[in-house]
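Undergrad: Take this structure first; my questions come after.
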Amino acid sequence: KANRKFHEEPTVVDVSGVKIGGGHFQIIAGPCSVESREQIIAVAKAVKASGATMLRGGAFKPRTSPYAFQGLHGEGIGLLLEAKKETGLPLVSEIMNINDLDLFAEVDVLQVGARNMQNFDLLKELGHCRKPILLKRGLANTLKELLMSAEYIMAGGNGNVILCERGIRTFETYTRNTLDLSAVPVLHELTHLPVIIDPSHSTGYSRYVAPMSYAAAAAGADGLIIEVHNDPAHALCDGAQSLTPGQFDEVARKVRRVREAL
Ligand code: PEP
Ligand code: MN
């Protein structure tokens, strides 16, 4: 179902009125994790003013260490809903367990994180809902495996899948992961689904986010998902790769210029 051979036209995913894919480019921005009302409302207002069209924020965090901040769970979703009410921005948030689905009733896009890309039971269950799914590439998965995971969701009847390249594991250590930018043209050849780039998790450092964002736009990505925090130095998760609202404003502005130059 994901194969372009049988579906030539690019799929445009409609996220509560915000279209992505087939020439519609969107920037999703927000903190790695929802930390407080003040934080999420401040970041939501700032990224909206800079042109972001969806708000991201994790409430369930897949952390490497069980002792690291795990997210605010239901309370975090509640705060996201307040930010949505305040700004009108559709929400993107990661679901780790299908038993939490009811909590996500008002969340517009369900994110499947890199670590769950091959959680086939989760994918099958998400195939039975009609919400757009943001499917991130696994840390060590091929594009073919990413497409087969999309297929699991689509096989259940949910064709609203957005693919995300977020960097893969290589021998390189100067960046957190290695951004496989060629995923954009390759996936556009293989599938009709929208493809977005995550320059935050792929590089791991805020100073590399801007250049990779421009490169992604130039490569023909259908959007970006960028981590933005009002106080990156004190972020409970992924502060090193988070942009300040001011930095994000410049990135969003220049990304638009790259798009215009295409
Ligand atoms: C995230 O988006 O905060 C996240 C955990 O991403 P990934 O699954 O790509 O590591
Ligand atoms: Mn993160």
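Residue numbering restarts at 1 in every chain; chains get A, B, ... in the order shown in the structure tokens, and ligands count up from 1 in that same order.
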Residues at most 12 Å from Ala49 of chain A, counting only C-alpha atoms, excluding those fewer than 2 positions away in the same chain, as a list in words?

TA: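 Listing them by chain and then by number gives Ala29, Ala42, Val43, Ala44, Lys45, Ala46, Val47, Gly51, Ala52, Thr53, Met54, Leu55, Thr87, Gly88, Leu89, Pro245, Gly246, Phe248, Asp249, Glu250, Ala252 and Arg253 of chain A.
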
Undergrad: Take the residues just selected and output them with N, CA and C atoms as a PDB file, in the first residue's frame.

TA:
ATOM      1  N   ALA A  29       7.259  21.890  15.550  1.00  0.00           N
ATOM      2  CA  ALA A  29       8.279  22.340  16.507  1.00  0.00           C
ATOM      3  C   ALA A  29       7.738  22.285  17.918  1.00  0.00           C
ATOM      4  N   ALA A  42       4.624  28.736  26.571  1.00  0.00           N
ATOM      5  CA  ALA A  42       5.587  29.721  26.049  1.00  0.00           C
ATOM      6  C   ALA A  42       6.179  29.235  24.724  1.00  0.00           C
ATOM      7  N   VAL A  43       6.597  27.973  24.678  1.00  0.00           N
ATOM      8  CA  VAL A  43       7.207  27.450  23.457  1.00  0.00           C
ATOM      9  C   VAL A  43       6.162  27.387  22.327  1.00  0.00           C
ATOM     10  N   ALA A  44       4.947  26.967  22.658  1.00  0.00           N
ATOM     11  CA  ALA A  44       3.898  26.855  21.637  1.00  0.00           C
ATOM     12  C   ALA A  44       3.630  28.216  20.990  1.00  0.00           C
ATOM     13  N   LYS A  45       3.503  29.248  21.817  1.00  0.00           N
ATOM     14  CA  LYS A  45       3.229  30.590  21.274  1.00  0.00           C
ATOM     15  C   LYS A  45       4.395  31.069  20.415  1.00  0.00           C
ATOM     16  N   ALA A  46       5.618  30.810  20.900  1.00  0.00           N
ATOM     17  CA  ALA A  46       6.798  31.288  20.172  1.00  0.00           C
ATOM     18  C   ALA A  46       6.927  30.593  18.818  1.00  0.00           C
ATOM     19  N   VAL A  47       6.794  29.270  18.794  1.00  0.00           N
ATOM     20  CA  VAL A  47       6.998  28.572  17.509  1.00  0.00           C
ATOM     21  C   VAL A  47       5.873  28.895  16.531  1.00  0.00           C
ATOM     22  N   GLY A  51       6.113  30.566  12.631  1.00  0.00           N
ATOM     23  CA  GLY A  51       5.641  29.862  11.432  1.00  0.00           C
ATOM     24  C   GLY A  51       5.499  28.364  11.555  1.00  0.00           C
ATOM     25  N   ALA A  52       5.721  27.805  12.742  1.00  0.00           N
ATOM     26  CA  ALA A  52       5.466  26.367  12.906  1.00  0.00           C
ATOM     27  C   ALA A  52       3.961  26.143  12.772  1.00  0.00           C
ATOM     28  N   THR A  53       3.590  24.999  12.194  1.00  0.00           N
ATOM     29  CA  THR A  53       2.170  24.733  11.973  1.00  0.00           C
ATOM     30  C   THR A  53       1.659  23.559  12.786  1.00  0.00           C
ATOM     31  N   MET A  54       2.563  22.903  13.520  1.00  0.00           N
ATOM     32  CA  MET A  54       2.154  21.855  14.467  1.00  0.00           C
ATOM     33  C   MET A  54       3.086  21.943  15.668  1.00  0.00           C
ATOM     34  N   LEU A  55       2.537  21.527  16.823  1.00  0.00           N
ATOM     35  CA  LEU A  55       3.311  21.551  18.066  1.00  0.00           C
ATOM     36  C   LEU A  55       3.680  20.129  18.465  1.00  0.00           C
ATOM     37  N   THR A  87      -3.217  28.124  21.198  1.00  0.00           N
ATOM     38  CA  THR A  87      -2.583  28.503  19.926  1.00  0.00           C
ATOM     39  C   THR A  87      -3.308  27.987  18.694  1.00  0.00           C
ATOM     40  N   GLY A  88      -4.119  26.961  18.852  1.00  0.00           N
ATOM     41  CA  GLY A  88      -4.763  26.353  17.696  1.00  0.00           C
ATOM     42  C   GLY A  88      -3.856  25.380  16.947  1.00  0.00           C
ATOM     43  N   LEU A  89      -2.635  25.189  17.424  1.00  0.00           N
ATOM     44  CA  LEU A  89      -1.718  24.285  16.718  1.00  0.00           C
ATOM     45  C   LEU A  89      -2.112  22.825  16.949  1.00  0.00           C
ATOM     46  N   PRO A 245      13.770  29.734  21.097  1.00  0.00           N
ATOM     47  CA  PRO A 245      12.768  30.293  20.179  1.00  0.00           C
ATOM     48  C   PRO A 245      13.393  31.270  19.176  1.00  0.00           C
ATOM     49  N   GLY A 246      14.376  32.036  19.618  1.00  0.00           N
ATOM     50  CA  GLY A 246      15.041  32.987  18.717  1.00  0.00           C
ATOM     51  C   GLY A 246      15.783  32.274  17.595  1.00  0.00           C
ATOM     52  N   PHE A 248      15.129  29.281  16.520  1.00  0.00           N
ATOM     53  CA  PHE A 248      14.131  28.635  15.669  1.00  0.00           C
ATOM     54  C   PHE A 248      13.534  29.621  14.677  1.00  0.00           C
ATOM     55  N   ASP A 249      13.316  30.836  15.126  1.00  0.00           N
ATOM     56  CA  ASP A 249      12.731  31.852  14.248  1.00  0.00           C
ATOM     57  C   ASP A 249      13.594  32.045  13.006  1.00  0.00           C
ATOM     58  N   GLU A 250      14.906  32.114  13.210  1.00  0.00           N
ATOM     59  CA  GLU A 250      15.819  32.309  12.077  1.00  0.00           C
ATOM     60  C   GLU A 250      15.817  31.084  11.154  1.00  0.00           C
ATOM     61  N   ALA A 252      13.388  28.872  10.726  1.00  0.00           N
ATOM     62  CA  ALA A 252      12.109  28.794  10.001  1.00  0.00           C
ATOM     63  C   ALA A 252      12.092  29.792   8.847  1.00  0.00           C
ATOM     64  N   ARG A 253      12.634  30.995   9.105  1.00  0.00           N
ATOM     65  CA  ARG A 253      12.655  32.034   8.079  1.00  0.00           C
ATOM     66  C   ARG A 253      13.533  31.597   6.890  1.00  0.00           C
TER      67      ARG A 253
END

Undergrad: Can you tell me which residues sit at most 10 Å away from ligand 1, counting only C-alpha atoms and all ligand atoms, written as an NGL selection string?

TA: :A and (30-33 or 56-64 or 92-94 or 111-117 or 134-139 or 164-168 or 177 or 198-202 or 225-227 or 237-238)

Undergrad: Go through A:Val228, A:Ala240, A:Ala218, A:Ile196 one by one, measure the shortest atom-to-atom distance of each to Arg257 of chain A using only C-alpha atoms, and give the residue with the smallest value.

TA: A:Ala218

Undergrad: Rounded to one decimal, what separation in Å do you get between atom CA of Arg176 of chain A and atom CA of Phe69 of chain A?

TA: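 Interatomic distance, atom CA of Arg176 of chain A to atom CA of Phe69 of chain A: 19.3 Å.
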
Undergrad: For a test of reading the model, state the distance in Å between atom CA of Leu72 of chain A and atom CA of Asn99 of chain A, rounded to one decimal.

TA: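 Interatomic distance, atom CA of Leu72 of chain A to atom CA of Asn99 of chain A: 16.2 Å.
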
Undergrad: List every residue of segment 40-102 of chain A that DSSP, applied to the backbone of this structure, places in strand (DSSP E or B), and write the result as a PyMOL selection string.

TA: chain A and resi 54-56+58+91-94

Undergrad: Take the residues from that selection and write them out as an mmCIF file, in the first residue's frame, keeping C-alpha atoms.

TA:
data_model
loop_
_atom_site.group_PDB
_atom_site.id
_atom_site.type_symbol
_atom_site.label_atom_id
_atom_site.label_comp_id
_atom_site.auth_asym_id
_atom_site.auth_seq_id
_atom_site.Cartn_x
_atom_site.Cartn_y
_atom_site.Cartn_z
ATOM 1 C CA MET A 54 2.154 21.855 14.467
ATOM 2 C CA LEU A 55 3.311 21.551 18.066
ATOM 3 C CA ARG A 56 5.400 18.609 19.255
ATOM 4 C CA GLY A 58 6.549 14.219 24.493
ATOM 5 C CA LEU A 91 -0.442 18.289 18.374
ATOM 6 C CA VAL A 92 2.169 15.613 17.697
ATOM 7 C CA SER A 93 3.072 13.325 20.612
ATOM 8 C CA GLU A 94 4.645 9.914 21.016
#

Undergrad: Could you tell me how far atom CA of Gln118 of chain A lies from atom CA of Asn97 of chain A, in Å and to one decimal?

TA: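 If I compute the distance from atom CA of Gln118 of chain A to atom CA of Asn97 of chain A, I get 13.1 Å.
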
Undergrad: Env of segment 12-16 of chain A: 12 Å cut, atoms = only C-alpha atoms, seq-sep filter 5 positions within chain, self excluded. Answer as a PyMOL selection string.

TA: chain A and resi 21-26+28+53-55+84+88-92+106-110+130-134+158-163+192-195+222-223

Undergrad: For the residues in that selection, give me N, CA and C atoms as an mmCIF file, in the first residue's frame.

TA:
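What follows is the written file selection_1.cif:
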data_model
loop_
_atom_site.group_PDB
_atom_site.id
_atom_site.type_symbol
_atom_site.label_atom_id
_atom_site.label_comp_id
_atom_site.auth_asym_id
_atom_site.auth_seq_id
_atom_site.Cartn_x
_atom_site.Cartn_y
_atom_site.Cartn_z
ATOM 1 N N GLY A 21 2.666 16.927 2.613
ATOM 2 C CA GLY A 21 2.932 16.025 1.493
ATOM 3 C C GLY A 21 2.415 16.605 0.195
ATOM 4 N N GLY A 22 2.932 16.083 -0.926
ATOM 5 C CA GLY A 22 2.459 16.543 -2.227
ATOM 6 C C GLY A 22 2.613 18.036 -2.422
ATOM 7 N N GLY A 23 3.731 18.598 -1.986
ATOM 8 C CA GLY A 23 3.976 20.034 -2.161
ATOM 9 C C GLY A 23 3.626 20.861 -0.945
ATOM 10 N N HIS A 24 2.926 20.270 0.005
ATOM 11 C CA HIS A 24 2.603 20.990 1.248
ATOM 12 C C HIS A 24 3.707 20.707 2.265
ATOM 13 N N PHE A 25 4.452 21.747 2.625
ATOM 14 C CA PHE A 25 5.591 21.634 3.543
ATOM 15 C C PHE A 25 5.205 22.196 4.899
ATOM 16 N N GLN A 26 5.482 21.452 5.977
ATOM 17 C CA GLN A 26 5.109 21.928 7.314
ATOM 18 C C GLN A 26 6.270 21.793 8.280
ATOM 19 N N ILE A 28 7.040 21.195 12.188
ATOM 20 C CA ILE A 28 6.558 20.768 13.509
ATOM 21 C C ILE A 28 7.636 21.198 14.500
ATOM 22 N N THR A 53 3.590 24.999 12.194
ATOM 23 C CA THR A 53 2.170 24.733 11.973
ATOM 24 C C THR A 53 1.659 23.559 12.786
ATOM 25 N N MET A 54 2.563 22.903 13.520
ATOM 26 C CA MET A 54 2.154 21.855 14.467
ATOM 27 C C MET A 54 3.086 21.943 15.668
ATOM 28 N N LEU A 55 2.537 21.527 16.823
ATOM 29 C CA LEU A 55 3.311 21.551 18.066
ATOM 30 C C LEU A 55 3.680 20.129 18.465
ATOM 31 N N LYS A 84 -2.745 23.649 22.839
ATOM 32 C CA LYS A 84 -3.512 23.593 21.590
ATOM 33 C C LYS A 84 -4.670 24.587 21.633
ATOM 34 N N GLY A 88 -4.119 26.961 18.852
ATOM 35 C CA GLY A 88 -4.763 26.353 17.696
ATOM 36 C C GLY A 88 -3.856 25.380 16.947
ATOM 37 N N LEU A 89 -2.635 25.189 17.424
ATOM 38 C CA LEU A 89 -1.718 24.285 16.718
ATOM 39 C C LEU A 89 -2.112 22.825 16.949
ATOM 40 N N PRO A 90 -2.192 22.028 15.865
ATOM 41 C CA PRO A 90 -2.399 20.584 16.048
ATOM 42 C C PRO A 90 -1.198 19.986 16.790
ATOM 43 N N LEU A 91 -1.458 18.897 17.506
ATOM 44 C CA LEU A 91 -0.442 18.289 18.374
ATOM 45 C C LEU A 91 0.151 17.012 17.798
ATOM 46 N N VAL A 92 1.456 16.847 18.031
ATOM 47 C CA VAL A 92 2.169 15.613 17.697
ATOM 48 C C VAL A 92 2.796 15.102 18.990
ATOM 49 N N GLU A 106 -7.447 13.612 21.841
ATOM 50 C CA GLU A 106 -7.406 14.955 21.237
ATOM 51 C C GLU A 106 -6.035 15.305 20.665
ATOM 52 N N VAL A 107 -5.130 14.318 20.655
ATOM 53 C CA VAL A 107 -3.810 14.532 20.041
ATOM 54 C C VAL A 107 -3.977 14.252 18.548
ATOM 55 N N ASP A 108 -3.478 15.146 17.703
ATOM 56 C CA ASP A 108 -3.781 15.063 16.274
ATOM 57 C C ASP A 108 -2.928 14.043 15.526
ATOM 58 N N VAL A 109 -1.650 13.939 15.907
ATOM 59 C CA VAL A 109 -0.748 12.984 15.248
ATOM 60 C C VAL A 109 -0.100 12.110 16.311
ATOM 61 N N LEU A 110 -0.174 10.793 16.116
ATOM 62 C CA LEU A 110 0.473 9.868 17.041
ATOM 63 C C LEU A 110 1.860 9.548 16.499
ATOM 64 N N ARG A 130 -7.767 6.023 12.921
ATOM 65 C CA ARG A 130 -7.756 6.835 11.697
ATOM 66 C C ARG A 130 -6.872 8.070 11.826
ATOM 67 N N LYS A 131 -6.193 8.172 12.949
ATOM 68 C CA LYS A 131 -5.343 9.343 13.156
ATOM 69 C C LYS A 131 -4.067 9.246 12.340
ATOM 70 N N PRO A 132 -3.542 10.396 11.862
ATOM 71 C CA PRO A 132 -2.236 10.377 11.206
ATOM 72 C C PRO A 132 -1.160 9.837 12.160
ATOM 73 N N ILE A 133 -0.267 9.046 11.597
ATOM 74 C CA ILE A 133 0.829 8.445 12.363
ATOM 75 C C ILE A 133 2.149 9.002 11.842
ATOM 76 N N LEU A 134 2.974 9.518 12.740
ATOM 77 C CA LEU A 134 4.328 9.949 12.376
ATOM 78 C C LEU A 134 5.252 8.796 12.737
ATOM 79 N N ASN A 158 -5.280 2.224 7.914
ATOM 80 C CA ASN A 158 -4.905 3.621 8.159
ATOM 81 C C ASN A 158 -3.800 4.047 7.185
ATOM 82 N N GLY A 159 -4.197 4.822 6.188
ATOM 83 C CA GLY A 159 -3.239 5.260 5.164
ATOM 84 C C GLY A 159 -2.555 6.572 5.495
ATOM 85 N N ASN A 160 -2.877 7.137 6.658
ATOM 86 C CA ASN A 160 -2.328 8.451 7.027
ATOM 87 C C ASN A 160 -0.993 8.319 7.745
ATOM 88 N N VAL A 161 0.032 7.961 6.976
ATOM 89 C CA VAL A 161 1.345 7.738 7.576
ATOM 90 C C VAL A 161 2.334 8.774 7.038
ATOM 91 N N ILE A 162 3.043 9.398 7.955
ATOM 92 C CA ILE A 162 4.115 10.352 7.610
ATOM 93 C C ILE A 162 5.417 9.686 8.044
ATOM 94 N N LEU A 163 6.374 9.589 7.129
ATOM 95 C CA LEU A 163 7.654 8.947 7.443
ATOM 96 C C LEU A 163 8.646 9.996 7.929
ATOM 97 N N HIS A 192 4.634 6.965 -1.948
ATOM 98 C CA HIS A 192 3.856 8.202 -2.130
ATOM 99 C C HIS A 192 3.646 8.930 -0.811
ATOM 100 N N LEU A 193 4.117 8.321 0.303
ATOM 101 C CA LEU A 193 3.887 8.918 1.628
ATOM 102 C C LEU A 193 4.779 10.138 1.843
ATOM 103 N N PRO A 194 4.319 11.123 2.624
ATOM 104 C CA PRO A 194 5.162 12.285 2.944
ATOM 105 C C PRO A 194 6.396 11.859 3.764
ATOM 106 N N VAL A 195 7.490 12.574 3.550
ATOM 107 C CA VAL A 195 8.760 12.283 4.233
ATOM 108 C C VAL A 195 9.262 13.555 4.909
ATOM 109 N N ASP A 222 9.198 16.940 2.911
ATOM 110 C CA ASP A 222 7.853 17.506 3.024
ATOM 111 C C ASP A 222 7.652 18.255 4.334
ATOM 112 N N GLY A 223 8.701 18.255 5.159
ATOM 113 C CA GLY A 223 8.579 18.977 6.411
ATOM 114 C C GLY A 223 9.739 18.689 7.328
#

Undergrad: Output as a ChimeraX atom specification all residues of segment 179-262 of chain A that backbone DSSP marks as helix (DSSP H, G or I).

TA: /A:183-190,199-203,206-219,232-234,239-241,245-261

Undergrad: Let's have the selection written as a short mmCIF file (atom, residue, chain, number, x, y, z; two decimals), in the first residue's frame, with C-alpha atoms.

TA:
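Output saved as result_21.cif:
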data_model
loop_
_atom_site.label_atom_id
_atom_site.label_comp_id
_atom_site.auth_asym_id
_atom_site.auth_seq_id
_atom_site.Cartn_x
_atom_site.Cartn_y
_atom_site.Cartn_z
CA ALA A 183 16.35 8.98 2.54
CA VAL A 184 14.32 11.87 1.11
CA PRO A 185 14.82 11.23 -2.62
CA VAL A 186 14.98 7.46 -2.14
CA LEU A 187 11.70 7.34 -0.20
CA HIS A 188 10.03 9.72 -2.63
CA GLU A 189 10.94 7.28 -5.37
CA LEU A 190 9.71 4.23 -3.45
CA PRO A 199 17.54 17.54 12.28
CA SER A 200 17.50 17.57 16.11
CA HIS A 201 17.80 13.87 16.95
CA SER A 202 19.92 13.17 13.89
CA THR A 203 22.66 15.64 14.82
CA SER A 206 21.68 22.66 18.28
CA ARG A 207 24.43 24.28 16.16
CA TYR A 208 23.98 21.64 13.44
CA VAL A 209 20.19 21.91 13.29
CA ALA A 210 20.10 24.99 11.03
CA PRO A 211 22.36 23.66 8.22
CA MET A 212 20.62 20.27 8.18
CA SER A 213 17.21 21.97 8.10
CA TYR A 214 18.19 23.95 5.00
CA ALA A 215 19.66 20.82 3.41
CA ALA A 216 16.47 18.88 4.11
CA ALA A 217 14.34 21.58 2.51
CA ALA A 218 16.66 21.66 -0.50
CA ALA A 219 16.49 17.86 -0.80
CA PRO A 232 17.65 24.51 26.65
CA ALA A 233 20.35 24.50 29.37
CA HIS A 234 17.79 23.27 31.90
CA GLY A 239 18.62 20.18 25.78
CA ALA A 240 21.87 20.04 23.80
CA GLN A 241 20.00 19.68 20.52
CA PRO A 245 12.77 30.29 20.18
CA GLY A 246 15.04 32.99 18.72
CA GLN A 247 17.22 30.44 16.92
CA PHE A 248 14.13 28.63 15.67
CA ASP A 249 12.73 31.85 14.25
CA GLU A 250 15.82 32.31 12.08
CA VAL A 251 15.80 28.67 10.94
CA ALA A 252 12.11 28.79 10.00
CA ARG A 253 12.66 32.03 8.08
CA LYS A 254 15.62 30.70 6.11
CA VAL A 255 13.92 27.37 5.44
CA ARG A 256 11.12 29.32 3.75
CA ARG A 257 13.73 31.08 1.62
CA VAL A 258 15.28 27.77 0.59
CA ARG A 259 11.81 26.50 -0.37
CA GLU A 260 11.18 29.62 -2.45
CA ALA A 261 14.48 29.15 -4.27
#
